[in-house]
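K.L.:
Below is model-v6.cif; it holds mmCIF, C-alpha atoms.
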```
data_model
loop_
_atom_site.group_PDB
_atom_site.id
_atom_site.type_symbol
_atom_site.label_atom_id
_atom_site.label_comp_id
_atom_site.auth_asym_id
_atom_site.auth_seq_id
_atom_site.Cartn_x
_atom_site.Cartn_y
_atom_site.Cartn_z
ATOM 1 C CA MET A 1 -130.913 -77.481 7.706
ATOM 2 C CA GLU A 2 -127.129 -77.735 7.594
ATOM 3 C CA THR A 3 -125.512 -78.762 4.303
ATOM 4 C CA LYS A 4 -123.177 -81.741 4.718
ATOM 5 C CA ARG A 5 -120.765 -83.528 2.399
ATOM 6 C CA ILE A 6 -119.884 -87.194 2.726
ATOM 7 C CA THR A 7 -117.945 -89.576 0.491
ATOM 8 C CA ILE A 8 -119.633 -92.754 -0.739
ATOM 9 C CA SER A 9 -117.777 -95.212 -2.978
ATOM 10 C CA GLY A 10 -115.296 -92.484 -3.862
ATOM 11 C CA LYS A 11 -118.005 -89.984 -4.839
ATOM 12 C CA VAL A 12 -119.202 -86.969 -2.870
ATOM 13 C CA ALA A 13 -122.812 -86.779 -1.709
ATOM 14 C CA VAL A 14 -124.098 -83.334 -0.752
ATOM 15 C CA LEU A 15 -126.930 -83.538 1.791
ATOM 16 C CA ASN A 16 -129.481 -80.857 2.681
ATOM 17 C CA ASN A 17 -128.278 -78.781 -0.225
ATOM 18 C CA LYS A 18 -130.053 -75.595 -1.288
ATOM 19 C CA THR A 19 -128.608 -73.323 -3.965
ATOM 20 C CA ALA A 20 -129.647 -70.416 -6.149
ATOM 21 C CA GLU A 21 -129.996 -72.847 -9.064
ATOM 22 C CA ILE A 22 -132.009 -75.427 -7.088
ATOM 23 C CA PRO A 23 -133.739 -73.407 -4.336
ATOM 24 C CA PHE A 24 -135.029 -76.211 -2.120
ATOM 25 C CA ASN A 25 -133.461 -78.789 0.184
ATOM 26 C CA HIS A 26 -132.230 -81.812 -1.744
ATOM 27 C CA THR A 27 -129.436 -84.379 -2.015
ATOM 28 C CA GLU A 28 -126.919 -84.435 -4.873
ATOM 29 C CA PHE A 29 -124.932 -87.549 -5.762
ATOM 30 C CA ASP A 30 -123.264 -88.873 -8.906
ATOM 31 C CA GLY A 31 -124.805 -86.146 -11.044
ATOM 32 C CA MET A 32 -128.326 -86.834 -9.794
ATOM 33 C CA LEU A 33 -130.737 -84.828 -7.676
ATOM 34 C CA LEU A 34 -132.356 -86.954 -4.958
ATOM 35 C CA LEU A 35 -134.815 -86.437 -2.127
ATOM 36 C CA HIS A 36 -133.660 -84.409 0.869
ATOM 37 C CA LEU A 37 -134.575 -87.239 3.271
ATOM 38 C CA LEU A 38 -131.226 -89.027 3.012
ATOM 39 C CA THR A 39 -128.999 -88.475 6.056
ATOM 40 C CA GLU A 40 -125.342 -89.057 6.949
ATOM 41 C CA GLU A 41 -126.391 -92.462 8.269
ATOM 42 C CA THR A 42 -128.788 -93.603 5.541
ATOM 43 C CA ALA A 43 -127.082 -92.191 2.430
ATOM 44 C CA PRO A 44 -124.099 -94.618 2.477
ATOM 45 C CA ALA A 45 -126.445 -97.571 2.940
ATOM 46 C CA TYR A 46 -128.619 -96.839 -0.086
ATOM 47 C CA LEU A 47 -126.364 -94.874 -2.429
ATOM 48 C CA GLY A 48 -123.698 -97.487 -1.712
ATOM 49 C CA ASN A 49 -126.126 -100.354 -2.425
ATOM 50 C CA GLN A 50 -125.646 -101.964 0.989
ATOM 51 C CA PHE A 51 -129.240 -103.072 1.581
ATOM 52 C CA LYS A 52 -129.542 -106.872 1.730
ATOM 53 C CA THR A 53 -132.675 -108.210 0.093
ATOM 54 C CA ARG A 54 -134.529 -111.385 0.984
ATOM 55 C CA PRO A 55 -136.699 -113.718 -1.096
ATOM 56 C CA GLN A 56 -140.253 -112.318 -1.366
ATOM 57 C CA ASP A 57 -139.172 -108.706 -0.806
ATOM 58 C CA VAL A 58 -141.432 -106.239 -2.614
ATOM 59 C CA PHE A 59 -140.410 -102.668 -3.427
ATOM 60 C CA LEU A 60 -143.021 -100.084 -4.384
ATOM 61 C CA VAL A 61 -141.173 -97.576 -6.551
ATOM 62 C CA SER A 62 -142.235 -94.170 -7.796
ATOM 63 C CA TYR A 63 -141.207 -90.663 -8.672
ATOM 64 C CA SER A 64 -142.350 -88.362 -5.867
ATOM 65 C CA LYS A 65 -146.075 -87.489 -5.878
ATOM 66 C CA SER A 66 -147.048 -90.311 -8.222
ATOM 67 C CA GLY A 67 -149.350 -91.976 -5.697
ATOM 68 C CA SER A 68 -146.863 -93.971 -3.632
ATOM 69 C CA HIS A 69 -148.828 -93.607 -0.389
ATOM 70 C CA TRP A 70 -152.008 -94.706 -2.123
ATOM 71 C CA LEU A 71 -150.277 -97.707 -3.701
ATOM 72 C CA ALA A 72 -148.751 -98.685 -0.353
ATOM 73 C CA TYR A 73 -152.154 -98.366 1.291
ATOM 74 C CA ILE A 74 -153.649 -100.703 -1.327
ATOM 75 C CA VAL A 75 -150.818 -103.244 -1.198
ATOM 76 C CA ASN A 76 -150.893 -103.384 2.581
ATOM 77 C CA ASN A 77 -154.584 -104.209 2.541
ATOM 78 C CA ILE A 78 -154.153 -106.823 -0.179
ATOM 79 C CA ALA A 79 -151.515 -108.501 1.962
ATOM 80 C CA LYS A 80 -153.784 -108.493 5.028
ATOM 81 C CA PRO A 81 -157.310 -109.190 3.770
ATOM 82 C CA VAL A 82 -158.412 -111.201 6.803
ATOM 83 C CA LEU A 83 -158.590 -109.059 9.928
ATOM 84 C CA PRO A 84 -160.462 -109.512 13.216
ATOM 85 C CA ASN A 85 -162.559 -106.460 12.442
ATOM 86 C CA LYS A 86 -163.486 -106.050 8.775
ATOM 87 C CA ASP A 87 -163.367 -102.268 9.204
ATOM 88 C CA ASP A 88 -159.831 -102.410 10.580
ATOM 89 C CA PHE A 89 -158.050 -101.797 7.300
ATOM 90 C CA ARG A 90 -154.453 -100.988 8.076
ATOM 91 C CA HIS A 91 -152.949 -97.641 7.284
ATOM 92 C CA ARG A 92 -149.733 -97.807 5.325
ATOM 93 C CA ALA A 93 -147.729 -95.500 7.621
ATOM 94 C CA GLY A 94 -146.354 -97.967 10.128
ATOM 95 C CA GLU A 95 -146.493 -101.058 7.952
ATOM 96 C CA VAL A 96 -145.084 -100.007 4.570
ATOM 97 C CA PRO A 97 -142.072 -97.855 5.465
ATOM 98 C CA LEU A 98 -140.137 -95.488 3.230
ATOM 99 C CA LEU A 99 -136.870 -97.260 2.517
ATOM 100 C CA GLU A 100 -134.446 -94.333 2.463
ATOM 101 C CA GLN A 101 -135.769 -92.839 5.691
ATOM 102 C CA SER A 102 -134.333 -95.626 7.874
ATOM 103 C CA LEU A 103 -131.181 -97.702 8.179
ATOM 104 C CA PRO A 104 -131.329 -101.221 6.675
ATOM 105 C CA GLU A 105 -131.185 -102.760 10.164
ATOM 106 C CA LYS A 106 -134.689 -101.470 10.821
ATOM 107 C CA PHE A 107 -136.078 -103.838 8.203
ATOM 108 C CA ALA A 108 -134.322 -106.989 9.422
ATOM 109 C CA PRO A 109 -136.953 -107.926 12.059
ATOM 110 C CA ILE A 110 -139.847 -107.559 9.607
ATOM 111 C CA ALA A 111 -141.304 -110.934 8.642
ATOM 112 C CA SER A 112 -141.377 -111.870 4.964
ATOM 113 C CA PRO A 113 -142.820 -110.831 2.654
ATOM 114 C CA ARG A 114 -141.487 -107.355 3.370
ATOM 115 C CA TYR A 115 -143.127 -104.384 1.653
ATOM 116 C CA MET A 116 -141.155 -101.147 1.322
ATOM 117 C CA TYR A 117 -141.647 -98.060 -0.806
ATOM 118 C CA THR A 118 -138.969 -95.822 -2.255
ATOM 119 C CA HIS A 119 -138.293 -92.804 -4.467
ATOM 120 C CA LEU A 120 -134.711 -93.839 -5.220
ATOM 121 C CA PRO A 121 -133.504 -94.002 -8.848
ATOM 122 C CA TYR A 122 -133.388 -97.420 -10.519
ATOM 123 C CA LYS A 123 -129.645 -97.917 -9.943
ATOM 124 C CA PHE A 124 -130.037 -97.534 -6.172
ATOM 125 C CA VAL A 125 -133.163 -99.642 -5.633
ATOM 126 C CA PRO A 126 -132.049 -102.893 -3.937
ATOM 127 C CA ARG A 127 -131.921 -106.011 -6.109
ATOM 128 C CA SER A 128 -130.493 -109.523 -5.989
ATOM 129 C CA SER A 129 -129.057 -112.027 -8.449
ATOM 130 C CA GLU A 130 -129.630 -114.851 -5.974
ATOM 131 C CA HIS A 131 -133.382 -114.713 -5.429
ATOM 132 C CA GLU A 132 -136.471 -113.051 -6.838
ATOM 133 C CA VAL A 133 -137.411 -109.600 -5.631
ATOM 134 C CA LYS A 134 -140.562 -107.945 -6.952
ATOM 135 C CA TYR A 135 -141.068 -104.320 -7.968
ATOM 136 C CA VAL A 136 -144.384 -102.521 -8.298
ATOM 137 C CA ILE A 137 -143.954 -99.238 -10.144
ATOM 138 C CA ILE A 138 -146.542 -96.472 -10.187
ATOM 139 C CA ALA A 139 -146.260 -93.635 -12.709
ATOM 140 C CA ARG A 140 -148.454 -90.557 -13.068
ATOM 141 C CA ASN A 141 -148.885 -88.123 -15.932
ATOM 142 C CA PRO A 142 -146.263 -85.365 -15.778
ATOM 143 C CA ARG A 143 -148.689 -82.442 -15.865
ATOM 144 C CA ASP A 144 -150.447 -83.508 -12.678
ATOM 145 C CA ILE A 145 -147.128 -84.559 -11.127
ATOM 146 C CA ALA A 146 -145.752 -81.056 -11.638
ATOM 147 C CA VAL A 147 -148.757 -79.439 -9.970
ATOM 148 C CA SER A 148 -148.755 -81.915 -7.089
ATOM 149 C CA GLN A 149 -145.029 -81.504 -6.448
ATOM 150 C CA PHE A 150 -145.273 -77.722 -6.510
ATOM 151 C CA LYS A 151 -148.094 -77.676 -3.964
ATOM 152 C CA PHE A 152 -146.394 -80.288 -1.780
ATOM 153 C CA MET A 153 -143.052 -78.498 -1.784
ATOM 154 C CA ARG A 154 -144.695 -75.220 -0.825
ATOM 155 C CA ASN A 155 -146.509 -76.984 2.029
ATOM 156 C CA MET A 156 -143.548 -78.775 3.630
ATOM 157 C CA LYS A 157 -141.262 -76.946 6.048
ATOM 158 C CA ASP A 158 -138.273 -79.251 5.596
ATOM 159 C CA ILE A 159 -138.202 -78.831 1.806
ATOM 160 C CA ASP A 160 -138.144 -75.054 2.244
ATOM 161 C CA PHE A 161 -139.263 -74.016 -1.244
ATOM 162 C CA ASN A 162 -140.762 -70.563 -1.713
ATOM 163 C CA GLY A 163 -140.681 -70.197 -5.492
ATOM 164 C CA THR A 164 -143.557 -69.415 -7.841
ATOM 165 C CA TRP A 165 -145.382 -71.918 -10.024
ATOM 166 C CA ASP A 166 -143.582 -70.615 -13.109
ATOM 167 C CA GLU A 167 -140.203 -70.915 -11.385
ATOM 168 C CA PHE A 168 -140.953 -74.453 -10.279
ATOM 169 C CA LEU A 169 -142.121 -75.499 -13.744
ATOM 170 C CA SER A 170 -138.810 -74.349 -15.208
ATOM 171 C CA LEU A 171 -136.934 -76.371 -12.579
ATOM 172 C CA PHE A 172 -139.091 -79.421 -13.271
ATOM 173 C CA MET A 173 -138.440 -79.321 -17.024
ATOM 174 C CA GLN A 174 -134.709 -78.948 -16.354
ATOM 175 C CA GLY A 175 -134.781 -82.275 -14.499
ATOM 176 C CA ASN A 176 -134.746 -80.635 -11.081
ATOM 177 C CA GLY A 177 -138.020 -81.798 -9.592
ATOM 178 C CA LEU A 178 -138.446 -82.951 -6.007
ATOM 179 C CA SER A 179 -136.713 -86.271 -6.684
ATOM 180 C CA GLY A 180 -134.726 -85.378 -9.770
ATOM 181 C CA SER A 181 -135.513 -85.883 -13.431
ATOM 182 C CA TYR A 182 -139.081 -87.057 -13.984
ATOM 183 C CA PHE A 183 -138.444 -88.775 -17.302
ATOM 184 C CA ASP A 184 -135.185 -90.380 -16.183
ATOM 185 C CA ARG A 185 -136.927 -91.916 -13.161
ATOM 186 C CA VAL A 186 -140.002 -93.133 -15.079
ATOM 187 C CA LEU A 187 -138.386 -94.341 -18.290
ATOM 188 C CA GLU A 188 -135.653 -96.338 -16.564
ATOM 189 C CA TRP A 189 -138.416 -98.549 -15.119
ATOM 190 C CA TRP A 190 -140.548 -98.449 -18.273
ATOM 191 C CA GLU A 191 -137.673 -100.231 -20.030
ATOM 192 C CA HIS A 192 -138.219 -103.127 -17.594
ATOM 193 C CA LYS A 193 -142.025 -103.210 -17.790
ATOM 194 C CA ASP A 194 -142.004 -106.688 -19.374
ATOM 195 C CA ASP A 195 -139.712 -108.245 -16.763
ATOM 196 C CA ASP A 196 -141.467 -111.042 -14.874
ATOM 197 C CA ASN A 197 -140.755 -109.428 -11.514
ATOM 198 C CA VAL A 198 -141.909 -105.914 -12.484
ATOM 199 C CA LEU A 199 -145.473 -104.580 -12.483
ATOM 200 C CA PHE A 200 -145.754 -101.143 -14.090
ATOM 201 C CA LEU A 201 -148.924 -99.308 -13.049
ATOM 202 C CA LYS A 202 -150.356 -95.924 -13.940
ATOM 203 C CA TYR A 203 -152.074 -93.688 -11.415
ATOM 204 C CA GLU A 204 -154.772 -92.843 -13.923
ATOM 205 C CA ASP A 205 -155.678 -96.528 -14.370
ATOM 206 C CA LEU A 206 -156.181 -96.887 -10.619
ATOM 207 C CA LYS A 207 -158.533 -93.909 -10.714
ATOM 208 C CA LYS A 208 -160.500 -95.381 -13.634
ATOM 209 C CA ASP A 209 -160.831 -98.947 -12.371
ATOM 210 C CA LEU A 210 -159.595 -99.432 -8.828
ATOM 211 C CA THR A 211 -161.289 -102.810 -8.433
ATOM 212 C CA GLY A 212 -159.672 -104.181 -11.581
ATOM 213 C CA GLN A 213 -156.258 -102.826 -10.637
ATOM 214 C CA VAL A 214 -156.501 -104.266 -7.110
ATOM 215 C CA GLY A 215 -157.007 -107.653 -8.769
ATOM 216 C CA VAL A 216 -153.973 -107.132 -11.017
ATOM 217 C CA ILE A 217 -151.772 -106.135 -8.077
ATOM 218 C CA ALA A 218 -152.970 -109.032 -5.920
ATOM 219 C CA ASN A 219 -152.311 -111.539 -8.694
ATOM 220 C CA PHE A 220 -148.805 -110.162 -9.293
ATOM 221 C CA LEU A 221 -148.003 -110.437 -5.589
ATOM 222 C CA GLY A 222 -149.269 -114.014 -5.466
ATOM 223 C CA TYR A 223 -152.451 -113.483 -3.444
ATOM 224 C CA GLN A 224 -155.451 -115.517 -4.550
ATOM 225 C CA LEU A 225 -158.313 -113.285 -3.444
ATOM 226 C CA SER A 226 -161.998 -113.799 -4.064
ATOM 227 C CA GLN A 227 -163.874 -111.185 -6.065
ATOM 228 C CA GLU A 228 -165.602 -110.211 -2.829
ATOM 229 C CA ASN A 229 -162.219 -109.609 -1.146
ATOM 230 C CA ILE A 230 -161.033 -107.541 -4.098
ATOM 231 C CA GLU A 231 -164.161 -105.395 -4.153
ATOM 232 C CA GLU A 232 -164.011 -104.868 -0.389
ATOM 233 C CA ILE A 233 -160.372 -103.771 -0.559
ATOM 234 C CA ALA A 234 -161.111 -101.402 -3.447
ATOM 235 C CA GLU A 235 -164.008 -99.872 -1.534
ATOM 236 C CA LYS A 236 -161.821 -99.284 1.520
ATOM 237 C CA CYS A 237 -158.836 -98.009 -0.475
ATOM 238 C CA THR A 238 -160.191 -95.149 -2.524
ATOM 239 C CA PHE A 239 -158.020 -92.048 -2.478
ATOM 240 C CA LYS A 240 -160.745 -90.299 -0.499
ATOM 241 C CA ALA A 241 -160.693 -93.017 2.177
ATOM 242 C CA MET A 242 -156.916 -92.858 2.459
ATOM 243 C CA LYS A 243 -156.943 -89.068 2.630
ATOM 244 C CA GLY A 244 -159.336 -89.241 5.554
ATOM 245 C CA ASP A 245 -156.921 -91.373 7.545
ATOM 246 C CA ARG A 246 -154.721 -89.912 10.268
ATOM 247 C CA VAL A 247 -151.564 -89.402 8.160
ATOM 248 C CA GLY A 248 -153.498 -87.020 5.928
ATOM 249 C CA SER A 249 -154.538 -84.833 8.834
ATOM 250 C CA ILE A 250 -152.879 -81.541 9.690
ATOM 251 C CA GLU A 251 -152.646 -82.592 13.330
ATOM 252 C CA GLY A 252 -150.727 -85.759 12.470
ATOM 253 C CA ASN A 253 -148.179 -83.829 10.414
ATOM 254 C CA LYS A 254 -148.036 -80.503 12.220
ATOM 255 C CA GLY A 255 -144.282 -80.826 12.639
ATOM 256 C CA LEU A 256 -143.725 -81.143 8.883
ATOM 257 C CA LEU A 257 -146.451 -78.960 7.405
ATOM 258 C CA ARG A 258 -146.647 -75.232 7.158
ATOM 259 C CA GLU A 259 -149.585 -73.839 9.088
ATOM 260 C CA GLY A 260 -152.999 -74.600 7.617
ATOM 261 C CA LYS A 261 -151.663 -77.058 5.024
ATOM 262 C CA SER A 262 -152.565 -80.710 4.397
ATOM 263 C CA PHE A 263 -150.436 -83.713 3.490
ATOM 264 C CA TYR A 264 -152.715 -84.853 0.648
ATOM 265 C CA ARG A 265 -154.552 -82.767 -1.926
ATOM 266 C CA LYS A 266 -157.227 -83.724 -4.454
ATOM 267 C CA GLY A 267 -155.875 -86.942 -5.922
ATOM 268 C CA ILE A 268 -157.688 -86.311 -9.202
ATOM 269 C CA VAL A 269 -156.670 -86.608 -12.844
ATOM 270 C CA GLY A 270 -156.593 -83.351 -14.799
ATOM 271 C CA ASP A 271 -156.039 -80.794 -12.030
ATOM 272 C CA TRP A 272 -153.236 -79.371 -14.184
ATOM 273 C CA ARG A 273 -155.932 -77.445 -16.096
ATOM 274 C CA ASN A 274 -156.297 -75.149 -13.099
ATOM 275 C CA HIS A 275 -152.636 -74.145 -13.135
ATOM 276 C CA PHE A 276 -151.047 -74.164 -16.612
ATOM 277 C CA SER A 277 -151.221 -71.076 -18.798
ATOM 278 C CA ASP A 278 -151.448 -71.627 -22.557
ATOM 279 C CA GLU A 279 -147.810 -70.641 -22.955
ATOM 280 C CA GLN A 280 -146.672 -72.950 -20.151
ATOM 281 C CA LEU A 281 -148.667 -75.844 -21.563
ATOM 282 C CA GLU A 282 -147.197 -75.409 -25.035
ATOM 283 C CA LYS A 283 -143.628 -75.513 -23.695
ATOM 284 C CA PHE A 284 -144.450 -78.419 -21.393
ATOM 285 C CA ASN A 285 -146.028 -80.453 -24.194
ATOM 286 C CA GLN A 286 -142.986 -79.948 -26.406
ATOM 287 C CA TRP A 287 -140.771 -81.103 -23.559
ATOM 288 C CA CYS A 288 -142.926 -84.194 -22.995
ATOM 289 C CA LYS A 289 -142.993 -85.048 -26.687
ATOM 290 C CA SER A 290 -139.211 -84.873 -27.009
ATOM 291 C CA ASN A 291 -138.770 -87.207 -24.025
ATOM 292 C CA LEU A 292 -141.533 -89.705 -24.824
ATOM 293 C CA GLU A 293 -140.998 -90.026 -28.568
ATOM 294 C CA GLY A 294 -140.158 -93.602 -29.496
ATOM 295 C CA THR A 295 -140.647 -94.996 -25.980
ATOM 296 C CA GLY A 296 -144.188 -96.302 -26.397
ATOM 297 C CA LEU A 297 -145.174 -94.804 -23.042
ATOM 298 C CA GLU A 298 -148.412 -92.833 -23.100
ATOM 299 C CA PHE A 299 -150.402 -91.041 -20.409
ATOM 300 C CA ASP A 300 -154.017 -90.105 -19.807
ATOM 301 C CA PHE A 301 -154.060 -86.398 -18.971
ATOM 302 C CA GLY A 302 -157.716 -86.330 -18.030
#
```
Output the file's structure as structure tokens, nothing else.
P.N.:
Amino acid sequence: METKRITISGKVAVLNNKTAEIPFNHTEFDGMLLLHLLTEETAPAYLGNQFKTRPQDVFLVSYSKSGSHWLAYIVNNIAKPVLPNKDDFRHRAGEVPLLEQSLPEKFAPIASPRYMYTHLPYKFVPRSSEHEVKYVIIARNPRDIAVSQFKFMRNMKDIDFNGTWDEFLSLFMQGNGLSGSYFDRVLEWWEHKDDDNVLFLKYEDLKKDLTGQVGVIANFLGYQLSQENIEEIAEKCTFKAMKGDRVGSIEGNKGLLREGKSFYRKGIVGDWRNHFSDEQLEKFNQWCKSNLEGTGLEFDFG
């Protein structure tokens, strides 16, 4: 992938960047590391805050590999509980698009309420002072995030990362994960957890009580669903069910995946135990403690 530089609001954005210090394809802008998916066309729109929101817009926001696809899958089925065929639960791929992968014009024809997911930092997520826009945030414990990102980055051709687990962990703790600094991205939304238009979810809570969390999400979005509807959606939207859908297949992603790799992995809590050495865990825990101290944010590590 060719590295390109463009100017946005007087600042230089470096696209498709890969360096000795950060050895995978990424975007750099305003001192932040961002996903590699931004292009010459889309970067000015989102890093320049040009996206026009509408009343009832809903943004699903997460740090990469926090469960954004799963959340989008759930939200899409909450929004469409009555279908001609009860087994025809929609897959999120075509109906809950990734914001920064397309120009804003793509979203104009979509009827309200519009659902979009994004990995952009807080300052670049579209907002409005004229009407209410809702934000559903999903956060995941940093140990499992690190493992999931490492595996994902090794699997994806376009990210082009070939480092070891130990090398990646060092990058991650330096704030150079797949979509930048983990704690910056999570804590900037945690500060807004009590805002009326923000719902802050944890991946681990969805794993513990999916039915209960489906009810919480539906209520926040303004859908009055029966308990039967909620239970049906939860049954159809387990991580296992989503993983079995076409986007999780190797065939459906053969252009993006390295040979023999899958888009989704285990989706469990506590897989970090299979990867961290004692020394790595000690350093990682110290790093987490220094970043979480005084914030009130806690995680279930399984």
K.L.:
Rank A:Met116, A:Ala111, A:Met153, A:Leu34 by their smallest atom-to-atom distance to A:Pro97, using all atoms listed in the file, and report the top residue only.
P.N.:
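So, comparing all the options, the nearest one is A:Met116.
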K.L.:
List, as number ranges by chain, every residue that the PyMOL selection byres ((chain A and resi 143) around 10) selects in the file provided.
P.N.:
A: 140-142, 144-148, 169, 269-273, 275-276, 281, 284-285, 288, 299, 301
K.L.:
I need the residue nearest A:Leu201 from this list: A:Ser226, A:Thr3, A:Ser62, A:Thr295. Use all atoms listed in the file for the distance.
P.N.:
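Closest candidate: A:Ser62.
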K.L.:
Rounded to one decimal, what separation in Å do you get between atom CA of A:Phe51 and atom CA of A:Asp160?
P.N.:
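Going from atom CA of A:Phe51 over to atom CA of A:Asp160 covers 29.4 Å.
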K.L.:
Would you list the contacts of A:Ser170 as a ChimeraX atom specification, taking every protein, DNA or RNA residue within 12 Å and counting all atoms listed in the file, but skipping same-chain residues closer than 3 positions in sequence?
P.N.:
/A:21-22,146,150,163-167,173-177,280-281,283-284,287
K.L.:
Please dump the current selection as an mmCIF file, in the frame of the given file; keep C-alpha atoms.
P.N.:
```
data_model
loop_
_atom_site.group_PDB
_atom_site.id
_atom_site.type_symbol
_atom_site.label_atom_id
_atom_site.label_comp_id
_atom_site.auth_asym_id
_atom_site.auth_seq_id
_atom_site.Cartn_x
_atom_site.Cartn_y
_atom_site.Cartn_z
ATOM 1 C CA GLU A 21 -129.996 -72.847 -9.064
ATOM 2 C CA ILE A 22 -132.009 -75.427 -7.088
ATOM 3 C CA ALA A 146 -145.752 -81.056 -11.638
ATOM 4 C CA PHE A 150 -145.273 -77.722 -6.510
ATOM 5 C CA GLY A 163 -140.681 -70.197 -5.492
ATOM 6 C CA THR A 164 -143.557 -69.415 -7.841
ATOM 7 C CA TRP A 165 -145.382 -71.918 -10.024
ATOM 8 C CA ASP A 166 -143.582 -70.615 -13.109
ATOM 9 C CA GLU A 167 -140.203 -70.915 -11.385
ATOM 10 C CA MET A 173 -138.440 -79.321 -17.024
ATOM 11 C CA GLN A 174 -134.709 -78.948 -16.354
ATOM 12 C CA GLY A 175 -134.781 -82.275 -14.499
ATOM 13 C CA ASN A 176 -134.746 -80.635 -11.081
ATOM 14 C CA GLY A 177 -138.020 -81.798 -9.592
ATOM 15 C CA GLN A 280 -146.672 -72.950 -20.151
ATOM 16 C CA LEU A 281 -148.667 -75.844 -21.563
ATOM 17 C CA LYS A 283 -143.628 -75.513 -23.695
ATOM 18 C CA PHE A 284 -144.450 -78.419 -21.393
ATOM 19 C CA TRP A 287 -140.771 -81.103 -23.559
#
```
K.L.:
Applied to the shown file, which residues does the PyMOL selection byres ((chain A and resi 112) around 12) return, written as a PDB file with C-alpha atoms, in the frame of the given file?
P.N.:
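Below is the file that was written, out_0.pdb:
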```pdb
ATOM      1  CA  THR A  53    -132.675-108.210   0.093  1.00  0.00           C
ATOM      2  CA  ARG A  54    -134.529-111.385   0.984  1.00  0.00           C
ATOM      3  CA  PRO A  55    -136.699-113.718  -1.096  1.00  0.00           C
ATOM      4  CA  GLN A  56    -140.253-112.318  -1.366  1.00  0.00           C
ATOM      5  CA  ASP A  57    -139.172-108.706  -0.806  1.00  0.00           C
ATOM      6  CA  VAL A  58    -141.432-106.239  -2.614  1.00  0.00           C
ATOM      7  CA  ALA A  79    -151.515-108.501   1.962  1.00  0.00           C
ATOM      8  CA  PHE A 107    -136.078-103.838   8.203  1.00  0.00           C
ATOM      9  CA  ALA A 108    -134.322-106.989   9.422  1.00  0.00           C
ATOM     10  CA  PRO A 109    -136.953-107.926  12.059  1.00  0.00           C
ATOM     11  CA  ILE A 110    -139.847-107.559   9.607  1.00  0.00           C
ATOM     12  CA  ALA A 111    -141.304-110.934   8.642  1.00  0.00           C
ATOM     13  CA  PRO A 113    -142.820-110.831   2.654  1.00  0.00           C
ATOM     14  CA  ARG A 114    -141.487-107.355   3.370  1.00  0.00           C
ATOM     15  CA  TYR A 115    -143.127-104.384   1.653  1.00  0.00           C
ATOM     16  CA  MET A 116    -141.155-101.147   1.322  1.00  0.00           C
ATOM     17  CA  VAL A 133    -137.411-109.600  -5.631  1.00  0.00           C
TER      18      VAL A 133
END
```
K.L.:
For A:Gln149, which of A:Ile137, A:Val12, A:Leu71, A:Leu171 is the closest residue, counting all atoms listed in the file?
P.N.:
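Using all atoms listed in the file, the shortest distance to A:Gln149 belongs to A:Leu171.
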K.L.:
Quick one: residues within 10 Å of A:Phe161, all atoms listed in the file counted, chain neighbours fewer than 3 positions away excluded, as a list of chain:residue names?
P.N.:
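Selected residues are A:Lys18, A:Ile22, A:Pro23, A:Phe24, A:Asn25, A:Phe150, A:Lys151, A:Phe152, A:Met153, A:Arg154, A:Asn155, A:Met156, A:Lys157, A:Asp158, A:Thr164, A:Phe168.
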K.L.:
The PyMOL selection byres ((chain A and resi 190) around 10) - which residues does that actually catch in the file I just gave you? List them as a count of residues only.
P.N.:
21
K.L.:
Between atom CA of A:Gly67 and atom CA of A:Pro126, what is the distance in Å, rounded to a tenth?
P.N.:
20.5 Å
